[in-house]
Each structure stands twice: as structure tokens, then as C-alpha cells.
Protein chains: 2
Amino acid sequence: MHDVSHRQAEARLRLLGPNGAPAANQPVRIDQVSHRFLFGCGAFDALPLANMPDGPRKEKLQKRMEKWLALFNYGTLPFYWGQYEPVEGKPAEKETMAAARWLTSRGVRVKGHPLCWHTVCANWLMKYSNEEILRRQLERIRREVTAYKGVIDMWDVINEVVIMPVFDKYDNAITRICKEKGRIKLVREVFAAARESNPDAVLLINDFNTTASYEILVEGLLEAGVPIDAIGIQSHQHQGYWGLEKLNDVLERFSRFGVPIHFTENTLVSGDLMPAHIVDLNDWQVPAWPTTPEGEARQAREMTEMYETLFSHPLVEAVTTWDFIDGGWLRAPSGFVRADDTEKPSYQALKSLIHGRWETHAQAVTDENGFLTFKGFKGGYTLSCGAAKVSFDLSADGEKALVLTE
Amino acid sequence: MHDVSHRQAEARLRLLGPNGAPAANQPVRIDQVSHRFLFGCGAFDALPLANMPDGPRKEKLQKRMEKWLALFNYGTLPFYWGQYEPVEGKPAEKETMAAARWLTSRGVRVKGHPLCWHTVCANWLMKYSNEEILRRQLERIRREVTAYKGVIDMWDVINEVVIMPVFDKYDNAITRICKEKGRIKLVREVFAAARESNPDAVLLINDFNTTASYEILVEGLLEAGVPIDAIGIQSHQHQGYWGLEKLNDVLERFSRFGVPIHFTENTLVSGDLMPAHIVDLNDWQVPAWPTTPEGEARQAREMTEMYETLFSHPLVEAVTTWDFIDGGWLRAPSGFVRADDTEKPSYQALKSLIHGRWETHAQAVTDENGFLTFKGFKGGYTLSCGAAKVSFDLSADGEKALVLTE
């Protein structure tokens, strides 16, 4: 049912001893140590963790992040302009860089989110003319993308463009310029600024709108030559799981461009559902939103079905669940761990996929010429043979010679 | 409230006698005889009328079209491929050309509708490959636009593109190619074929979808350089009048491109409203749909408010009401005349606008140098002075010399 063969590759390995002679008839152990697929989660906790003094608070956060690291290889860090640079000219670069390095030094790939958005935007921008707002927006993109190059090479360049020019909850600088320039012209400029600052970066557009509007926008942008590396799709499901029908429909409609798809902000709650009549999720403010045993079982079930579906789709490259711990955005029970840091069934369920069913561990014996063939999930591997160990990367079918060293 | 000053122009006229001398101190009468604004209506009846033998049926149709001509200066003729060319290679060119000439010889500007659409499409197309369907679609466009050049210089080039690639009521040739090529590439090709065949034609895109999807599609097309001369907006209101709020919202959203707007298919019924839960209007099939006195009063009121609003908007150049007589599409009481050809209040209401409030008739006296100044609605005029008469066109502020001849 879930064909994941495109996630795997078959390698013909030839093992050589330190002297270059084939390691014939040797028993070996092959262990996958990393995934090529991006299993992601919001990593906002890395920001306080990397910047706070030692002490019990830090220890607590550290323990939580250990659980995070045991599951994920990919994290989203916040770059909301209004929080990143609350006072003009004083960006939180030092703190954010520390968080990014904390993650990358632990093998985590990092994405910055977002470089342009009408929400959580810097209020001080509003004193400028539209021309000046745009100039500063592009400068801000160049500044961040350049500063983090080599540490963060993946960006949500622009967020929620479908609603951007008609967003009417409050006045803000970005809606102003999007309304004046139009969606396509603005997206083209912000992407150009990001691309010029880091030609090798992976650049995303991201939206919660999954209707024909977003589809047609993406088509217009691609036709206009905007270099979109991946289409970001939000799937906050506080009002209930989309289900396979909607999920497959979204996948089908957005895959026709042949551009990689990232599920960037996934949420499934393990408590009561938000009523269906709420249009803007931010309008649902509750004092408490508890997790329940039935909700947790449901969340684990739905999470499993979603990840299985997304992992088996050839164009999906990344799935990021938004909250690691309950009580984050909207106080929702949307985490893999509860507010007390204990693991929910969804944590176990995802672990049994990422580090169980979809991770390769094998034993084999080389033939008389030192050859062995094995098939595994794409990613990083170690091969052990006696006391010798060698690392290699499995990204496509092919032959590889590995030299064993102690 | 309804500023229509942009529909008017002020002319300083100088009247000269046949000998070239100023016609000083002459009383004159100025009568507007035609409108620059396109007051349109479906003119499908011209097709049988122009092609049927004399007799009582023709007389009846002729009488109806006289009422039509007393109101409108602009008519839509059908070019649905499946009806225009039901058998491959046998297009109804002779009959349709006769209808078009019947209208143009009576001062009516004609639009052809549509050149590409997934509905009422030729079934015989489906036996071809997608490549061949597209080739024949473009050839069809070149054939029609070339053949009617000088008679029909305005075309709905493509109809309902937002739903086109995902239309799933039945298989058809056009959905197939739109799905394969994508919306923007298909629209670009059909517009290019139309433009190359008649560089001076007015080319429209047309849709019933008035959401952000259509807006974003238009933006994508304009950014891709598609030469859209006017944005066509359908406003079939079988389920009830949009009201000023929606009407103004649509006008505001679609006017940001600075491209002329045509209301191409307007409907307001004078009977019961279609239930709100119907999504595709074609799904509402009733044996009879009577007009009622209250409905007729309401229709006249709504028609007046709509036309006042649209006529006062600077970018609107044309308003076409779809049905002239009740019982047409969906059997709806959507006409200006009832099924027995008697005029409804909406007919009178529209007449009092088009040929009353928005039509200029004036009297004046030239000064000692033969000058007079007058302000009138843009369009064609006659000026009479004694037995002398002269025609002129008022399209912009300025000075004009007119030579009186008997």
C-alpha cells in the first residue's frame, strides 16, 4: 500500500583492507545513522537553551531537546521580524546564531522561518514609505541569508502570500507593499534577494491556503521564473485531521509542478478539536486545552497515517510537525510530549517509523572478492567489520569501494 | 453618489456655414444617437432571425429584436464549439456570419463567445491526442477570428479557466489539455492565436469565479505577458442579488490591474430564487420558473442599482445581461421581457437610464463667432441647425469645428 521504494537505494559495496586487498568472506554490520528525508519539528526551544546560563531550567530544556534529537534531523528556527529585530538596528543575530549552531553541531539541518510575512512583523517599519519598506525588507533578507550562510541554508522566504495583500486584521508594513506591488512582483523580489545572497540555499514559499488560489499562485510564480525550490504546505489541523482524501487531493494538486513539496507546519492535537466555525485559528483562545488519553491514541493514529502517506509520495522531501511539546501555539495539546515532557503515543509511533520501519540495519558477509550488495533507506551509514569501521552515504543505486581502517 | 463625470466630455464646437463662415447666433439642437459605453445583451436570437424564412415566426422574433435594439448597442453571439461545428469540418459560419451582419448593420457591436471552453465542447475532439486537440483548438481560433475580422472584433477567447483543469462533471477535450499544460501556458497559446489573427481585436478572459483564485490567475497571466484587453466577470445571480458590498468588493479587487473590466454575463431573476445550496447552477432543473409581480419589481430595483454602480466605475467598459427574454438558460425568469415578449419593469428601468438619464439631448445658441460649449455623455451625436444636420463623435474634452450642410 505504501510504496517507499523510491526512498531506498541498492549499493554494491566492495570492502578493501587497509592494504587495498579485498576483504573476502568477512561478516559485516551495516547501520543507518542518518536520514536523507527531512524529519522535522519546530526547534524554537534551542533559542533559550543555547543562550541561558547553566542551572535546573537549562537542564530541563536540555532533557527535552534530547528527546527531540532522538526523533528528528531537521528543525525550524524563528526569524519573525518583529521578534528578531524588535528595535530597529538591533537584530537577535548572536542568540539565533547560537541556537542554529547548537542544532547543526548535533547533525540537525536548520530552516529559518520566515524572511517576509505580514504577521509578527516589525511595527517600526510602518513609519516608512512603501518604497522604503520594500528596500528594508530586501536588505533584511540579504542580511540574514548572508549572515547564516553555511549554518542555515534553507529559508521560508515568504509566508502566506495568498492572503497577504487582503489581510485586514490590522495594518502592517508587508500587507501595504504587497497590495501596492501585487503578489507576484513582491515574491519575485524577495526570492531574488535571497537567491543572490546564497545561490545554493533551498528557498521555499509557504502557505496555509491549499485551495486553487495557492496552486494558481505557484503556477504564476513558476511561469514568472521565480526560483522556488520547494512548495511549503502548512497543515495545522486543530479542527480535525484532514483525512486521506484531502491529503491525497492536496498532494495531487501541488505535485503537478514537479517541484519538491515540504509539509512545513503540521499539527494534530491530542485533545478536543477546535470548533469548525473558527476561520482564523488565532481567534480560538482558551485558558487551557488539555490532552486526553483518547485524544492521544487518535493523534498517534493520525500521525502514523499522515507520515506514511507523505513518506511514500515521491515529491515530498520534508515533514515538519510544528510543536514538540503541548501548550505551544494556541495552548494546544499538539506536541509529541506532554507539558511535563513525558512522551505521548505519537512520539513512540513516529519513532517506530523513523528509527524503526524506515531505518536500515543489516548484517552481511562479503564474497570472495570483498563484494556485498545491500538495499537500504537513503542516508548516512556506518559499516563495521570486526574492529574496523567505515562511514558512507547511500543516496542512489551504484557501486562503492570502502577501505576499512581501525 | 454615482459619479459618472468620467463618462462625459465637454466640447467646444465651432459651427461653420457651407461657405466656411462662422454660423453666428444660431439656435441648435444636439442629440446623442449612440453610446460609447457598451450596453450589451445576449443576442442569440439574431441567429435564427437572420437565417429563417419570412413568416409569422420570423415576424415575432423581429418584433422582439426591435425591443432589444431599442435598448442595447452591443450583443453576444454564440461560438460554442460543439454547436458551431457539431460535425468536424462543417462549421456554422454562413449562419453565424449572417447573424453578426444583421446586428452590425443595425449599429450593434458584436462579441463572439467563447473560442475555448471545456463545456459545450466538440465531442469529436476527444478522439485525438492532447497534442492534436491543442493544435486543432488553436487552428479553430485562427479560423474564426480571421473569418469574422471587421464584423466581430471582440472575443471571449477563453472561458472559466479557474475550474478548467479540475472540471470533473464529464471528460472533455479542453480539460484534458488544460490539465496537461497548466492554465497559464494554455491561456497564453489561445490568446497568441487570437492576437495574431486580429491584432486590433479586443480579447477577453472570462470567468464566473470571482474569488482570489481568478484574481491571482489574472495577475499570473499579466505577469506572463498575456495580452488581456479586458477582464470578463460573470454575475449570474440566480441565487439572489450580490448586493453592493460584494459588487464593490469584486470591482475593487479586479480593478487593481488597471485593465478594463467587462461584466459579461449578468443575470437577475424576477421570480423565486434558486436555493443557496446549489453549487453548479446547471444542477437546478425545474419544469417551470415563473416570473412574479414582486420579483419583477425587485429585479428592476436591483438592475438599476447594479447598472448605476457599474456605469460609475471608471474601469468598467461593458455590461452584458445574459438573457433578453424569460425562459432561456435554466428556464429562469431572467429577461427584460416576459415569455410573451411584454416588457418588464426592468426593461423600463434600464431604458430610463440608458436612453434617459445617461443620454444627452440639449439645445443651445452659438455665440457671435459660431462657438458653443456643451457637456454630454460620450458617444455619437447629431447637431441640427434649421434644416442643416451634422454628425460628430464626442469622446474627449476638446474643440471641434463642424461644417453645416443641408
# chains A, B, ... in the order shown; residues from 1 in each chain; ligands from 1
call {"tool": "select_by_dssp", "arguments": {"residues": "range 70-253 of chain B", "states": "helix (DSSP H, G or I)", "output": "NGL selection string"}}
result
:B and (81-84 or 93-104 or 123-127 or 130-147 or 164-166 or 173-181 or 183-197 or 212-223 or 243-253)
call {"tool": "residues_around", "arguments": {"residues": "Asp156 in chain A", "least_positions_apart": "5", "cutoff": "9 Å", "atoms": "only C-alpha atoms", "output": "list in words"}}
result
Lys111, Gly112, His113, Pro114, Leu115, Cys116, Val202, Leu203, Leu204, Ile205, Asn206 and Gly232 of chain A
call {"tool": "interface_residues", "arguments": {"of": "chain B", "to": "chain A", "cutoff": "6 Å", "atoms": "only C-alpha atoms", "output": "VMD selection string"}}
result
chain B and resid 213 216 to 217 220
call {"tool": "write_last_selection", "arguments": {"atoms": "all heavy atoms", "output": "short mmCIF file (atom, residue, chain, number, x, y, z; two decimals), in the first residue's frame"}}
result
data_model
loop_
_atom_site.label_atom_id
_atom_site.label_comp_id
_atom_site.auth_asym_id
_atom_site.auth_seq_id
_atom_site.Cartn_x
_atom_site.Cartn_y
_atom_site.Cartn_z
N SER B 213 -8.80 33.26 -6.41
CA SER B 213 -8.22 32.36 -7.42
C SER B 213 -8.17 33.02 -8.79
O SER B 213 -7.16 32.97 -9.49
CB SER B 213 -9.05 31.07 -7.52
OG SER B 213 -8.95 30.33 -6.33
N ILE B 216 -5.71 35.99 -8.78
CA ILE B 216 -4.31 35.55 -8.82
C ILE B 216 -3.98 34.98 -10.21
O ILE B 216 -2.88 35.17 -10.72
CB ILE B 216 -4.05 34.51 -7.69
CG1 ILE B 216 -4.15 35.21 -6.33
CG2 ILE B 216 -2.69 33.85 -7.85
CD1 ILE B 216 -4.11 34.28 -5.13
N LEU B 217 -4.97 34.33 -10.84
CA LEU B 217 -4.76 33.84 -12.20
C LEU B 217 -4.52 35.01 -13.15
O LEU B 217 -3.58 34.98 -13.96
CB LEU B 217 -5.98 33.03 -12.66
CG LEU B 217 -5.95 32.57 -14.12
CD1 LEU B 217 -4.82 31.57 -14.35
CD2 LEU B 217 -7.29 31.96 -14.53
N GLY B 220 -1.11 36.36 -12.66
CA GLY B 220 -0.11 35.47 -13.25
C GLY B 220 -0.07 35.61 -14.77
O GLY B 220 1.01 35.60 -15.37
#
call {"tool": "residues_around", "arguments": {"residues": "Ile325 in chain B", "least_positions_apart": "6", "cutoff": "6 Å", "atoms": "only C-alpha atoms", "output": "ChimeraX atom specification"}}
result
/B:335-338
call {"tool": "write_last_selection", "arguments": {"atoms": "N, CA and C atoms", "output": "PDB file, in the first residue's frame"}}
result
ATOM      1  N   GLY B 335     -35.207  37.591 -17.960  1.00  0.00           N
ATOM      2  CA  GLY B 335     -35.202  38.524 -19.087  1.00  0.00           C
ATOM      3  C   GLY B 335     -35.664  39.930 -18.723  1.00  0.00           C
ATOM      4  N   PHE B 336     -35.515  40.803 -19.728  1.00  0.00           N
ATOM      5  CA  PHE B 336     -36.103  42.143 -19.635  1.00  0.00           C
ATOM      6  C   PHE B 336     -37.535  42.121 -20.160  1.00  0.00           C
ATOM      7  N   VAL B 337     -37.839  41.068 -20.949  1.00  0.00           N
ATOM      8  CA  VAL B 337     -39.227  40.872 -21.396  1.00  0.00           C
ATOM      9  C   VAL B 337     -39.663  39.478 -20.962  1.00  0.00           C
ATOM     10  N   ARG B 338     -40.980  39.350 -20.778  1.00  0.00           N
ATOM     11  CA  ARG B 338     -41.535  38.064 -20.351  1.00  0.00           C
ATOM     12  C   ARG B 338     -41.569  37.090 -21.530  1.00  0.00           C
TER      13      ARG B 338
END
call {"tool": "residues_around", "arguments": {"residues": "Val226 in chain A", "least_positions_apart": "5", "cutoff": "8 Å", "atoms": "only C-alpha atoms", "output": "list of chain:residue names"}}
result
A:Val187, A:Arg188, A:Phe191, A:Ala192, A:Leu221
call {"tool": "decode", "arguments": {"residues": "range 252-275 of chain A", "atoms": "N, CA, C and O atoms", "output": "compact mmCIF listing (two decimals), in the first residue's frame"}}
result
# COMPACT_ATOMS: atom_id res chain seq x y z
N GLU A 252 -1.87 15.66 -4.83
CA GLU A 252 -2.04 15.53 -6.28
C GLU A 252 -2.00 16.91 -6.94
O GLU A 252 -1.31 17.11 -7.93
N ARG A 253 -2.73 17.86 -6.36
CA ARG A 253 -2.81 19.18 -6.99
C ARG A 253 -1.48 19.92 -6.97
O ARG A 253 -1.12 20.60 -7.92
N PHE A 254 -0.73 19.79 -5.88
CA PHE A 254 0.51 20.54 -5.80
C PHE A 254 1.71 19.79 -6.39
O PHE A 254 2.79 20.34 -6.48
N SER A 255 1.49 18.53 -6.79
CA SER A 255 2.63 17.80 -7.36
C SER A 255 2.71 18.00 -8.87
O SER A 255 3.70 17.61 -9.48
N ARG A 256 1.70 18.64 -9.47
CA ARG A 256 1.74 18.74 -10.94
C ARG A 256 2.85 19.65 -11.45
O ARG A 256 3.17 19.63 -12.64
N PHE A 257 3.46 20.43 -10.55
CA PHE A 257 4.55 21.30 -10.99
C PHE A 257 5.89 20.56 -11.04
O PHE A 257 6.86 21.08 -11.57
N GLY A 258 5.94 19.38 -10.43
CA GLY A 258 7.20 18.63 -10.39
C GLY A 258 8.21 19.23 -9.43
O GLY A 258 9.38 18.87 -9.44
N VAL A 259 7.75 20.19 -8.61
CA VAL A 259 8.63 20.86 -7.64
C VAL A 259 8.50 20.13 -6.29
O VAL A 259 7.39 19.74 -5.91
N PRO A 260 9.60 19.92 -5.57
CA PRO A 260 9.51 19.26 -4.26
C PRO A 260 8.50 19.93 -3.33
O PRO A 260 8.31 21.15 -3.39
N ILE A 261 7.88 19.12 -2.51
CA ILE A 261 6.87 19.60 -1.56
C ILE A 261 7.38 19.39 -0.14
O ILE A 261 7.91 18.32 0.18
N HIS A 262 7.27 20.43 0.69
CA HIS A 262 7.58 20.29 2.11
C HIS A 262 6.31 20.53 2.92
O HIS A 262 5.65 21.55 2.73
N PHE A 263 5.98 19.60 3.80
CA PHE A 263 4.94 19.88 4.79
C PHE A 263 5.65 20.61 5.93
O PHE A 263 6.46 20.02 6.65
N THR A 264 5.38 21.90 6.05
CA THR A 264 6.22 22.79 6.85
C THR A 264 5.73 23.01 8.26
O THR A 264 6.50 23.34 9.16
N GLU A 265 4.41 22.89 8.46
CA GLU A 265 3.84 23.22 9.77
C GLU A 265 2.68 22.27 10.00
O GLU A 265 1.53 22.61 9.73
N ASN A 266 3.00 21.10 10.50
CA ASN A 266 1.97 20.10 10.70
C ASN A 266 1.51 20.10 12.16
O ASN A 266 2.33 20.16 13.06
N THR A 267 0.21 20.05 12.35
CA THR A 267 -0.34 19.96 13.70
C THR A 267 -1.47 18.96 13.75
O THR A 267 -2.38 18.99 12.90
N LEU A 268 -1.42 18.07 14.73
CA LEU A 268 -2.55 17.19 15.05
C LEU A 268 -2.67 17.21 16.56
O LEU A 268 -1.69 16.94 17.27
N VAL A 269 -3.83 17.55 17.08
CA VAL A 269 -3.97 17.70 18.53
C VAL A 269 -4.43 16.40 19.19
O VAL A 269 -5.10 15.58 18.58
N SER A 270 -4.06 16.27 20.46
CA SER A 270 -4.45 15.07 21.22
C SER A 270 -5.48 15.43 22.30
O SER A 270 -5.47 14.86 23.38
N GLY A 271 -6.33 16.41 21.99
CA GLY A 271 -7.40 16.78 22.91
C GLY A 271 -8.65 17.11 22.11
O GLY A 271 -8.79 16.65 20.98
N ASP A 272 -9.56 17.91 22.70
CA ASP A 272 -10.75 18.32 21.97
C ASP A 272 -10.34 19.05 20.69
O ASP A 272 -9.28 19.68 20.65
N LEU A 273 -11.21 18.98 19.70
CA LEU A 273 -10.95 19.70 18.45
C LEU A 273 -11.48 21.13 18.55
O LEU A 273 -12.46 21.39 19.24
N MET A 274 -10.83 22.03 17.85
CA MET A 274 -11.32 23.40 17.75
C MET A 274 -12.58 23.38 16.89
O MET A 274 -12.63 22.68 15.88
N PRO A 275 -13.62 24.14 17.29
CA PRO A 275 -14.87 24.10 16.51
C PRO A 275 -14.63 24.51 15.05
O PRO A 275 -13.80 25.36 14.75
